[in-house]
file work01.pdb (PDB, C-alpha atoms)
ATOM      1  CA  MET A   1     -57.243 -92.597 -52.491
ATOM      2  CA  ALA A   2     -60.919 -91.825 -51.806
ATOM      3  CA  THR A   3     -62.028 -88.277 -51.322
ATOM      4  CA  PRO A   4     -64.114 -87.518 -48.260
ATOM      5  CA  ALA A   5     -67.839 -87.194 -48.888
ATOM      6  CA  HIS A   6     -69.252 -83.707 -48.600
ATOM      7  CA  HIS A   7     -72.676 -83.220 -47.179
ATOM      8  CA  VAL A   8     -74.666 -80.367 -48.519
ATOM      9  CA  SER A   9     -77.578 -79.320 -46.430
ATOM     10  CA  GLN A  10     -80.490 -77.457 -47.872
ATOM     11  CA  GLU A  11     -82.933 -75.428 -45.896
ATOM     12  CA  VAL A  12     -86.454 -76.632 -46.577
ATOM     13  CA  PRO A  13     -89.297 -74.202 -45.924
ATOM     14  CA  VAL A  14     -91.751 -75.625 -43.430
ATOM     15  CA  MET A  15     -95.353 -74.555 -43.168
ATOM     16  CA  HIS A  16     -95.871 -73.830 -39.482
ATOM     17  CA  GLU A  17     -99.051 -74.650 -37.681
ATOM     18  CA  SER A  18    -100.834 -71.410 -36.906
ATOM     19  CA  THR A  19    -102.479 -70.762 -33.600
ATOM     20  CA  PRO A  20    -106.020 -69.384 -33.616
ATOM     21  CA  ALA A  21    -104.718 -66.053 -32.291
ATOM     22  CA  ALA A  22    -102.178 -65.901 -35.125
ATOM     23  CA  ASN A  23    -104.936 -66.689 -37.637
ATOM     24  CA  ASP A  24    -107.091 -63.898 -36.218
ATOM     25  CA  GLN A  25    -104.206 -61.464 -36.500
ATOM     26  CA  SER A  26    -103.419 -62.630 -40.054
ATOM     27  CA  THR A  27    -107.053 -62.333 -41.049
ATOM     28  CA  GLU A  28    -107.264 -58.799 -39.653
ATOM     29  CA  ARG A  29    -104.090 -57.780 -41.527
ATOM     30  CA  MET A  30    -105.395 -59.186 -44.814
ATOM     31  CA  LYS A  31    -108.807 -57.604 -44.253
ATOM     32  CA  GLN A  32    -107.158 -54.195 -43.745
ATOM     33  CA  LEU A  33    -104.934 -54.659 -46.813
ATOM     34  CA  ILE A  34    -107.862 -55.432 -49.124
ATOM     35  CA  LEU A  35    -110.016 -52.707 -47.546
ATOM     36  CA  GLU A  36    -107.357 -50.027 -48.150
ATOM     37  CA  ILE A  37    -106.781 -51.070 -51.762
ATOM     38  CA  VAL A  38    -110.475 -51.337 -52.675
ATOM     39  CA  GLN A  39    -111.331 -48.020 -50.988
ATOM     40  CA  ALA A  40    -108.656 -46.368 -53.134
ATOM     41  CA  LEU A  41    -110.300 -47.747 -56.294
ATOM     42  CA  VAL A  42    -113.949 -46.794 -55.770
ATOM     43  CA  ASP A  43    -116.010 -43.587 -55.780
ATOM     44  CA  GLN A  44    -117.770 -44.459 -52.512
ATOM     45  CA  PRO A  45    -115.032 -45.667 -50.142
ATOM     46  CA  ASP A  46    -117.392 -45.500 -47.150
ATOM     47  CA  ALA A  47    -119.620 -48.133 -48.767
ATOM     48  CA  VAL A  48    -116.780 -50.700 -48.884
ATOM     49  CA  SER A  49    -116.772 -53.481 -46.317
ATOM     50  CA  VAL A  50    -114.679 -56.622 -45.979
ATOM     51  CA  GLU A  51    -116.098 -59.585 -44.089
ATOM     52  CA  PRO A  52    -113.875 -62.616 -43.374
ATOM     53  CA  VAL A  53    -115.589 -66.006 -43.579
ATOM     54  CA  ASP A  54    -113.644 -69.024 -42.345
ATOM     55  CA  ASP A  55    -113.754 -72.044 -44.587
ATOM     56  CA  ARG A  56    -112.122 -75.408 -43.843
ATOM     57  CA  GLU A  57    -108.698 -74.657 -45.283
ATOM     58  CA  ALA A  58    -108.929 -70.969 -46.087
ATOM     59  CA  THR A  59    -110.455 -67.663 -45.131
ATOM     60  CA  VAL A  60    -112.687 -66.058 -47.730
ATOM     61  CA  LEU A  61    -112.673 -62.257 -47.700
ATOM     62  CA  CYS A  62    -116.060 -61.059 -48.950
ATOM     63  CA  VAL A  63    -115.728 -57.523 -50.305
ATOM     64  CA  ARG A  64    -118.954 -55.526 -50.622
ATOM     65  CA  VAL A  65    -119.074 -52.341 -52.695
ATOM     66  CA  ALA A  66    -121.739 -49.957 -53.938
ATOM     67  CA  PRO A  67    -123.492 -51.174 -57.119
ATOM     68  CA  HIS A  68    -121.979 -48.473 -59.340
ATOM     69  CA  ASP A  69    -118.455 -49.268 -58.049
ATOM     70  CA  ILE A  70    -118.486 -52.986 -58.870
ATOM     71  CA  GLY A  71    -116.928 -52.393 -62.304
ATOM     72  CA  LYS A  72    -114.039 -50.450 -60.783
ATOM     73  CA  VAL A  73    -113.188 -53.354 -58.475
ATOM     74  CA  ILE A  74    -113.520 -56.014 -61.175
ATOM     75  CA  GLY A  75    -111.829 -53.996 -63.934
ATOM     76  CA  LYS A  76    -111.728 -54.638 -67.661
ATOM     77  CA  GLN A  77    -111.847 -58.379 -68.308
ATOM     78  CA  GLY A  78    -111.421 -58.939 -64.565
ATOM     79  CA  ARG A  79    -107.864 -57.618 -64.477
ATOM     80  CA  THR A  80    -108.246 -55.586 -61.287
ATOM     81  CA  ALA A  81    -109.932 -58.473 -59.455
ATOM     82  CA  ARG A  82    -107.194 -60.831 -60.668
ATOM     83  CA  SER A  83    -104.547 -58.399 -59.409
ATOM     84  CA  LEU A  84    -106.223 -58.204 -56.007
ATOM     85  CA  ARG A  85    -106.247 -62.009 -55.834
ATOM     86  CA  THR A  86    -102.558 -62.113 -56.828
ATOM     87  CA  ILE A  87    -101.646 -59.712 -54.017
ATOM     88  CA  LEU A  88    -103.784 -61.735 -51.608
ATOM     89  CA  GLY A  89    -102.052 -64.943 -52.701
ATOM     90  CA  ALA A  90     -98.568 -63.471 -52.282
ATOM     91  CA  ALA A  91     -99.366 -62.179 -48.806
ATOM     92  CA  SER A  92    -100.983 -65.531 -47.943
ATOM     93  CA  MET A  93     -97.685 -67.308 -48.569
ATOM     94  CA  LYS A  94     -95.940 -65.092 -46.029
ATOM     95  CA  LEU A  95     -98.676 -65.644 -43.435
ATOM     96  CA  HIS A  96     -98.877 -69.419 -44.043
ATOM     97  CA  HIS A  97    -102.656 -69.288 -44.445
ATOM     98  CA  ARG A  98    -104.817 -69.359 -47.557
ATOM     99  CA  PHE A  99    -107.109 -66.480 -48.375
ATOM    100  CA  ALA A 100    -109.672 -66.187 -51.156
ATOM    101  CA  LEU A 101    -111.514 -63.124 -52.422
ATOM    102  CA  ASP A 102    -115.211 -62.752 -53.254
ATOM    103  CA  ILE A 103    -116.477 -59.457 -54.646
ATOM    104  CA  ILE A 104    -120.124 -58.799 -53.835
ATOM    105  CA  GLU A 105    -122.327 -56.021 -55.146
ATOM    106  CA  ASP A 106    -124.091 -54.412 -52.195
ATOM    107  CA  ASP A 107    -127.793 -54.434 -53.161
ATOM    108  CA  ASP A 108    -128.986 -52.881 -49.891
ATOM    109  CA  GLN A 109    -128.288 -49.348 -51.111
ATOM    110  CA  ASP A 110    -130.037 -50.068 -54.397
ATOM    111  CA  ASP A 111    -133.149 -51.304 -52.567
ATOM    112  CA  ASP A 112    -133.212 -48.198 -50.350
ATOM    113  CA  GLU A 113    -132.897 -45.906 -53.371
ATOM    114  CA  ASP A 114    -135.679 -47.787 -55.185
ATOM    115  CA  ARG A 115    -137.954 -47.475 -52.147
ATOM    116  CA  ASP A 116    -137.191 -43.758 -51.830
ATOM    117  CA  GLN A 117    -137.880 -43.275 -55.542
ATOM    118  CA  ASN A 118    -141.185 -45.165 -55.265
ATOM    119  CA  ASP A 119    -142.190 -43.111 -52.221
ATOM    120  CA  ARG A 120    -141.571 -39.881 -54.108
ATOM    121  CA  GLN A 121    -143.555 -41.035 -57.134
ATOM    122  CA  SER A 122    -146.584 -42.278 -55.142
ATOM    123  CA  PRO A 123    -149.454 -39.801 -55.185
ATOM    124  CA  ALA A 124    -150.541 -38.609 -51.774
ATOM    125  CA  LEU A 125    -154.059 -39.690 -50.841
TER
END

call {"tool": "encode", "arguments": {"input": "work01.pdb", "output": "structure tokens"}}
result
Amino acid sequence: MATPAHHVSQEVPVMHESTPAANDQSTERMKQLILEIVQALVDQPDAVSVEPVDDREATVLCVRVAPHDIGKVIGKQGRTARSLRTILGAASMKLHHRFALDIIEDDDQDDDEDRDQNDRQSPAL
């Protein structure tokens, strides 16, 4: 006598198409997440900015920090930066959208300080 066949169904995760509004909301959430974490790491939290840049398949979050804080964000042998990217990757899976992280040293403050220093050192005529 033949036994009846059993069908086992498995749920397969499906990547949903995101609407532009959903992408904007996801981008804002990720921007805030990275901003909060990086501000907690640095000495000058007010100098931190996160700028999202849309690429073809991903959104790149460009993090700018003061020049003397760059080492705190990168960490020894890049461990802190790698951890930030790991968190970003994990959250990206939930939001069904890829995010990448670029850490940029903000040279604007350095230039202003150099100009101020030069102004102070210039003899008055």

call {"tool": "atom_distance", "arguments": {"input": "work01.pdb", "atom1": "CA of Ser49 in chain A", "atom2": "CA of Gln25 in chain A"}}
result
17.8 Å

call {"tool": "closest_residue", "arguments": {"input": "work01.pdb", "among": "A:Gln39, A:Thr59, A:Gln32, A:Gln77", "to": "Gly89 in chain A", "atoms": "all atoms listed in the file"}}
result
A:Thr59

call {"tool": "atom_distance", "arguments": {"input": "work01.pdb", "atom1": "CA of Met30 in chain A", "atom2": "CA of Leu61 in chain A"}}
result
8.4 Å

call {"tool": "atom_distance", "arguments": {"input": "work01.pdb", "atom1": "CA of Leu33 in chain A", "atom2": "CA of Arg56 in chain A"}}
result
22.2 Å

call {"tool": "resolve_selection", "arguments": {"input": "work01.pdb", "expression": "the PyMOL selection byres ((chain A and resi 27) around 10)", "output": "PyMOL selection string"}}
result
chain A and resi 21-26+28-33+51-54+59-61+92+95+97-99

call {"tool": "closest_residue", "arguments": {"input": "work01.pdb", "among": "A:Ala81, A:Val48, A:Ala91, A:Leu101", "to": "Ala66 in chain A", "atoms": "only C-alpha atoms"}}
result
A:Val48

call {"tool": "axis_aligned_box", "arguments": {"input": "work01.pdb", "around": "range 82-99 of chain A", "padding_each_side": "8 Å", "output": "AutoDock Vina command-line options"}}
result
--center_x -101.6 --center_y -63.8 --center_z -52.1 --size_x 27.3 --size_y 27.2 --size_z 33.2

call {"tool": "residues_around", "arguments": {"input": "work01.pdb", "residues": "Asp102 in chain A", "least_positions_apart": "2", "cutoff": "9 Å", "atoms": "all atoms listed in the file", "output": "list in words"}}
result
Val60, Leu61, Cys62, Val63, Arg64, Ala100 and Ile104 of chain A

call {"tool": "closest_residue", "arguments": {"input": "work01.pdb", "among": "A:Thr86, A:Glu57, A:Lys76, A:Asp69", "to": "Ala40 in chain A", "atoms": "all atoms listed in the file"}}
result
A:Asp69

call {"tool": "closest_residue", "arguments": {"input": "work01.pdb", "among": "A:Asp55, A:His68, A:Asp43, A:Val50", "to": "Asp107 in chain A", "atoms": "only C-alpha atoms"}}
result
A:His68

call {"tool": "closest_residue", "arguments": {"input": "work01.pdb", "among": "A:His96, A:Ile103, A:Ala58, A:Gly78", "to": "Val38 in chain A", "atoms": "all atoms listed in the file"}}
result
A:Ile103

call {"tool": "closest_residue", "arguments": {"input": "work01.pdb", "among": "A:Glu36, A:Leu41, A:Arg85, A:Asp106", "to": "Val73 in chain A", "atoms": "only C-alpha atoms"}}
result
A:Leu41

call {"tool": "build_atoms", "arguments": {"input": "work01.pdb", "residues": "range 87-103 of chain A", "atoms": "N, CA and C atoms", "output": "PDB file, in the coordinates of the input"}}
result
ATOM      1  N   ILE A  87    -102.213 -60.323 -55.227  1.00  0.00           N
ATOM      2  CA  ILE A  87    -101.646 -59.712 -54.017  1.00  0.00           C
ATOM      3  C   ILE A  87    -102.034 -60.532 -52.788  1.00  0.00           C
ATOM      4  N   LEU A  88    -103.294 -60.937 -52.725  1.00  0.00           N
ATOM      5  CA  LEU A  88    -103.784 -61.735 -51.608  1.00  0.00           C
ATOM      6  C   LEU A  88    -103.024 -63.059 -51.524  1.00  0.00           C
ATOM      7  N   GLY A  89    -102.789 -63.676 -52.668  1.00  0.00           N
ATOM      8  CA  GLY A  89    -102.052 -64.943 -52.701  1.00  0.00           C
ATOM      9  C   GLY A  89    -100.612 -64.788 -52.248  1.00  0.00           C
ATOM     10  N   ALA A  90     -99.958 -63.712 -52.675  1.00  0.00           N
ATOM     11  CA  ALA A  90     -98.568 -63.471 -52.282  1.00  0.00           C
ATOM     12  C   ALA A  90     -98.470 -63.235 -50.780  1.00  0.00           C
ATOM     13  N   ALA A  91     -99.371 -62.443 -50.242  1.00  0.00           N
ATOM     14  CA  ALA A  91     -99.366 -62.179 -48.806  1.00  0.00           C
ATOM     15  C   ALA A  91     -99.737 -63.437 -48.023  1.00  0.00           C
ATOM     16  N   SER A  92    -100.590 -64.280 -48.591  1.00  0.00           N
ATOM     17  CA  SER A  92    -100.983 -65.531 -47.943  1.00  0.00           C
ATOM     18  C   SER A  92     -99.780 -66.446 -47.722  1.00  0.00           C
ATOM     19  N   MET A  93     -98.884 -66.458 -48.687  1.00  0.00           N
ATOM     20  CA  MET A  93     -97.685 -67.308 -48.569  1.00  0.00           C
ATOM     21  C   MET A  93     -96.850 -66.885 -47.360  1.00  0.00           C
ATOM     22  N   LYS A  94     -96.723 -65.603 -47.160  1.00  0.00           N
ATOM     23  CA  LYS A  94     -95.940 -65.092 -46.029  1.00  0.00           C
ATOM     24  C   LYS A  94     -96.602 -65.453 -44.700  1.00  0.00           C
ATOM     25  N   LEU A  95     -97.936 -65.404 -44.671  1.00  0.00           N
ATOM     26  CA  LEU A  95     -98.676 -65.644 -43.435  1.00  0.00           C
ATOM     27  C   LEU A  95     -98.989 -67.115 -43.191  1.00  0.00           C
ATOM     28  N   HIS A  96     -98.649 -67.970 -44.161  1.00  0.00           N
ATOM     29  CA  HIS A  96     -98.877 -69.419 -44.043  1.00  0.00           C
ATOM     30  C   HIS A  96    -100.352 -69.756 -43.826  1.00  0.00           C
ATOM     31  N   HIS A  97    -101.217 -69.028 -44.522  1.00  0.00           N
ATOM     32  CA  HIS A  97    -102.656 -69.288 -44.445  1.00  0.00           C
ATOM     33  C   HIS A  97    -103.275 -68.866 -45.766  1.00  0.00           C
ATOM     34  N   ARG A  98    -104.178 -69.677 -46.279  1.00  0.00           N
ATOM     35  CA  ARG A  98    -104.817 -69.359 -47.557  1.00  0.00           C
ATOM     36  C   ARG A  98    -105.958 -68.369 -47.382  1.00  0.00           C
ATOM     37  N   PHE A  99    -106.018 -67.440 -48.331  1.00  0.00           N
ATOM     38  CA  PHE A  99    -107.109 -66.480 -48.375  1.00  0.00           C
ATOM     39  C   PHE A  99    -107.683 -66.477 -49.781  1.00  0.00           C
ATOM     40  N   ALA A 100    -108.990 -66.304 -49.867  1.00  0.00           N
ATOM     41  CA  ALA A 100    -109.672 -66.187 -51.156  1.00  0.00           C
ATOM     42  C   ALA A 100    -110.455 -64.880 -51.134  1.00  0.00           C
ATOM     43  N   LEU A 101    -110.825 -64.406 -52.315  1.00  0.00           N
ATOM     44  CA  LEU A 101    -111.514 -63.124 -52.422  1.00  0.00           C
ATOM     45  C   LEU A 101    -112.820 -63.289 -53.183  1.00  0.00           C
ATOM     46  N   ASP A 102    -113.915 -62.819 -52.588  1.00  0.00           N
ATOM     47  CA  ASP A 102    -115.211 -62.752 -53.254  1.00  0.00           C
ATOM     48  C   ASP A 102    -115.614 -61.287 -53.316  1.00  0.00           C
ATOM     49  N   ILE A 103    -116.035 -60.837 -54.479  1.00  0.00           N
ATOM     50  CA  ILE A 103    -116.477 -59.457 -54.646  1.00  0.00           C
ATOM     51  C   ILE A 103    -117.989 -59.485 -54.794  1.00  0.00           C
TER      52      ILE A 103
END
